[in-house]
Amino acid sequence: MRLSVIAASAVISLAPALAQTTGSINVSGAHARNAQATPASASFDIFLQRLWPQAQARGISRATFDLAFRGCTPDASIVALTKKQSEFSAPIWNYLENAVGGARIQRGRDAAAENASVLAQVEARYGVPKEVVLGVWGMETNYGSFKGGKDVIRSLATLASIRYRGDFFRDELLTALELIEKGYVERSELRGSWAGAMGHTQFMPSSYMKYAVDWTGNGHADIWNSSSDAIASTANYLKGYGWVPGLPWGVEVALPAGFDHRLNKASFSAFTSAGVRRADGRSLPSSGEARLFYPAGHSGPVMLLTANFDVIKKYNSSDAYALAVGHLGDRIVGRPAIQADWPLKAARLDMAATKDLQLRLKALGLYDHDADGRIGTGTREAVRQYQISAGEIPDGYPTPALLARMRGKR
């Protein structure tokens with residue numbers, strides 16, 4: 001018998017969902033390991049032999065284990081896909097254009113109309129705005145148009161056997177086996193992305209275990225085929241990670257002449273007092289806190305982001321992804337596009353230069369993460385601190401000119 005996951009008591013992992021459209025996984029960089037080669041069948045068999053005692057300790061029966069891996073071989077196509085992470089490498093304006101442009105806004109409006117009743121009820125129950133759920137749905141699978149057709153068990157086993165990103169995929173694999181063992185899903189249902197994300201909004205197995213909702217009440221949280229279950233599950237996920245009802249994810253703003261860029265995080269009222277205004281001419285919220293975010297430096301658009309932006313990042317740790325989710329949702333419900341111009345011709349750091357920058361920031365004691373060549377929250381904050389110490393505008397945006405100065409060149 002299938003059981004409603006939301007009623008299950010054995011919910012254990014806090015691992016996030018994975019973005020199918022971007023291929024980015026929200027796990028700590030400290031555990032990231034790059035795969036060097038696809039596992040040979042012999043080493044894959046050894047991996048499965050060593051996995052069995054761990055599965056048994058989780059309450060997995062031998063029958064379930066054998067069923068899950070019957071005929072399973074490593075997937076040679078997956079390793080190459082681990083290298084593609086456009087939200088960390090593409091210019092953010094290109095990423096947003098691809099994510100929010102084209103027909104996706106209209107598809108989102110169509111999905112909103114088709115699911116209006118469920119979206120309204122889900123928003124009332126979980127406090128997550130419908131447009132944010134629609135933004136996630138659109139980013140993950142373009143409203144169900146591509147949910148992934150790979151065997152999730154095979155995908156997770158391939159990644160786990162080469163220890164891509166440490167133990168993350170091994171743990172997800174074990175949780176997937178639990179889903180089968182407990183009768184939450186059938187073995188044949190476990191279809192999804194190359195990295196094991198499933199359904200309309202691409203839940204990892206641990207996210208399904210903890211947050212999947214049987215909204216239709218048929219005894220099965222069917223995130224693969226039921227848009228209602230997927231919508232409710234997504235809202236439950238965001239609520240579970242601390243979504244604050246009534247607080248926007250963020251707003252585009254215009255800064256006054258002579259603005260002191262050292263003001264980084266404050267209440268909305270403090271930003272209003274400092275002359276910060278919404279780009280669309282409306283008033284800033286009267287309550288709550290936010291922080292300034294310069295996605296392309298102080299010469300481009302400027303945003304005020306709230307704690308709800310960080311909740312979206314629990315789905316995918318990229319700032320570009322979370323910005324795309326929020327902006328797509330805004331456009332679906334009729335809010336304006338980002339109004340400030342992007343610095344399209346400005347020079348950018350490549351991955352090698354970004355790694356050099358991170359190593360230099362690390363040597364200064366400003367950065368304590370891996371020098372991975374990706375510009376994320378940690379890199380931006382380290383750059384901001386360096387800019388403050390150097391008397392520069394602290395927008396947290398790394399540029400070739402800033403790196404040249406750090407290298408002692410002019």
# chains A, B, ... in the order shown; residues from 1 in each chain; ligands from 1
>>> select_by_dssp(residues="range 75-251 of chain A", states="helix (DSSP H, G or I)", output="count of residues only")
99
>>> residues_around(residues="Gln385 in chain A", least_positions_apart="3", cutoff="12 Å", atoms="only C-alpha atoms", output="PyMOL selection string")
chain A and resi 261-262+264+361-362+364-367+378-382+388-398
>>> closest_residue(among="A:Arg154, A:Arg407, A:His220, A:Arg374", to="Thr73 in chain A", atoms="only C-alpha atoms")
A:Arg154
>>> residues_around(residues="Leu67 in chain A", least_positions_apart="2", cutoff="12 Å", atoms="only C-alpha atoms", output="PyMOL selection string")
chain A and resi 60-65+69-72+153+177+180-181+186-188
>>> residues_around(residues="Trp249 in chain A", least_positions_apart="2", cutoff="8 Å", atoms="only C-alpha atoms", output="list in words")
Leu247, Val251, Leu305, Thr306, Ala307, Asn308, Phe309 and Gly326 of chain A
>>> atom_distance(atom1="CA of His369 in chain A", atom2="CA of Arg384 in chain A")
15.4 Å
>>> select_by_dssp(residues="range 168-298 of chain A", states="strand (DSSP E)", output="list of chain:residue names")
A:Arg191, A:Gly192, A:Gly250, A:Val251, A:Glu252, A:Val253, A:Ala254, A:Lys265, A:Ala266, A:Ser267, A:Arg277, A:Arg278, A:Glu289, A:Ala290, A:Arg291, A:Leu292, A:Phe293
>>> closest_residue(among="A:Lys239, A:His327, A:Lys130, A:Arg191", to="Leu156 in chain A", atoms="only C-alpha atoms")
A:Arg191
>>> residues_around(residues="Ser233 in chain A", least_positions_apart="2", cutoff="8 Å", atoms="only C-alpha atoms", output="PyMOL selection string")
chain A and resi 211-213+223+229-231+235-237
>>> write_last_selection(atoms="C-alpha atoms", output="PDB file, in the first residue's frame")
ATOM      1  CA  TYR A 211       8.215  17.303   1.736  1.00  0.00           C
ATOM      2  CA  ALA A 212       6.121  15.470  -0.871  1.00  0.00           C
ATOM      3  CA  VAL A 213       2.383  16.079  -0.440  1.00  0.00           C
ATOM      4  CA  ILE A 223       4.981  14.519  -8.259  1.00  0.00           C
ATOM      5  CA  ASP A 229       0.731  17.203  -5.847  1.00  0.00           C
ATOM      6  CA  ALA A 230       3.838  18.851  -7.305  1.00  0.00           C
ATOM      7  CA  ILE A 231       2.565  22.378  -6.606  1.00  0.00           C
ATOM      8  CA  ALA A 235       5.178  25.087  -1.455  1.00  0.00           C
ATOM      9  CA  ASN A 236       5.664  22.687   1.466  1.00  0.00           C
ATOM     10  CA  TYR A 237       9.376  22.483   0.661  1.00  0.00           C
TER      11      TYR A 237
END
>>> residues_around(residues="Ser43 in chain A", least_positions_apart="6", cutoff="10 Å", atoms="only C-alpha atoms", output="list in words")
Gln49, Pro74, Ser161 and Ile162 of chain A
>>> write_last_selection(atoms="N, CA and C atoms", output="PDB file, in the first residue's frame")
ATOM      1  N   GLN A  49      28.330  -4.059  -3.776  1.00  0.00           N
ATOM      2  CA  GLN A  49      28.565  -5.003  -2.682  1.00  0.00           C
ATOM      3  C   GLN A  49      28.781  -4.259  -1.366  1.00  0.00           C
ATOM      4  N   PRO A  74      26.648   1.117 -14.788  1.00  0.00           N
ATOM      5  CA  PRO A  74      26.953   2.548 -14.740  1.00  0.00           C
ATOM      6  C   PRO A  74      26.566   3.236 -16.046  1.00  0.00           C
ATOM      7  N   SER A 161      28.977   5.911  -7.034  1.00  0.00           N
ATOM      8  CA  SER A 161      30.106   4.988  -7.166  1.00  0.00           C
ATOM      9  C   SER A 161      31.406   5.710  -7.492  1.00  0.00           C
ATOM     10  N   ILE A 162      31.330   6.889  -8.114  1.00  0.00           N
ATOM     11  CA  ILE A 162      32.546   7.660  -8.389  1.00  0.00           C
ATOM     12  C   ILE A 162      32.743   8.753  -7.333  1.00  0.00           C
TER      13      ILE A 162
END
>>> atom_distance(atom1="CA of Glu131 in chain A", atom2="CA of Trp215 in chain A")
18.6 Å
>>> residues_around(residues="Leu349 in chain A", least_positions_apart="3", cutoff="9 Å", atoms="only C-alpha atoms", output="JSON, numbers by chain")
{"A": [352, 353, 354, 398, 399, 400, 403]}
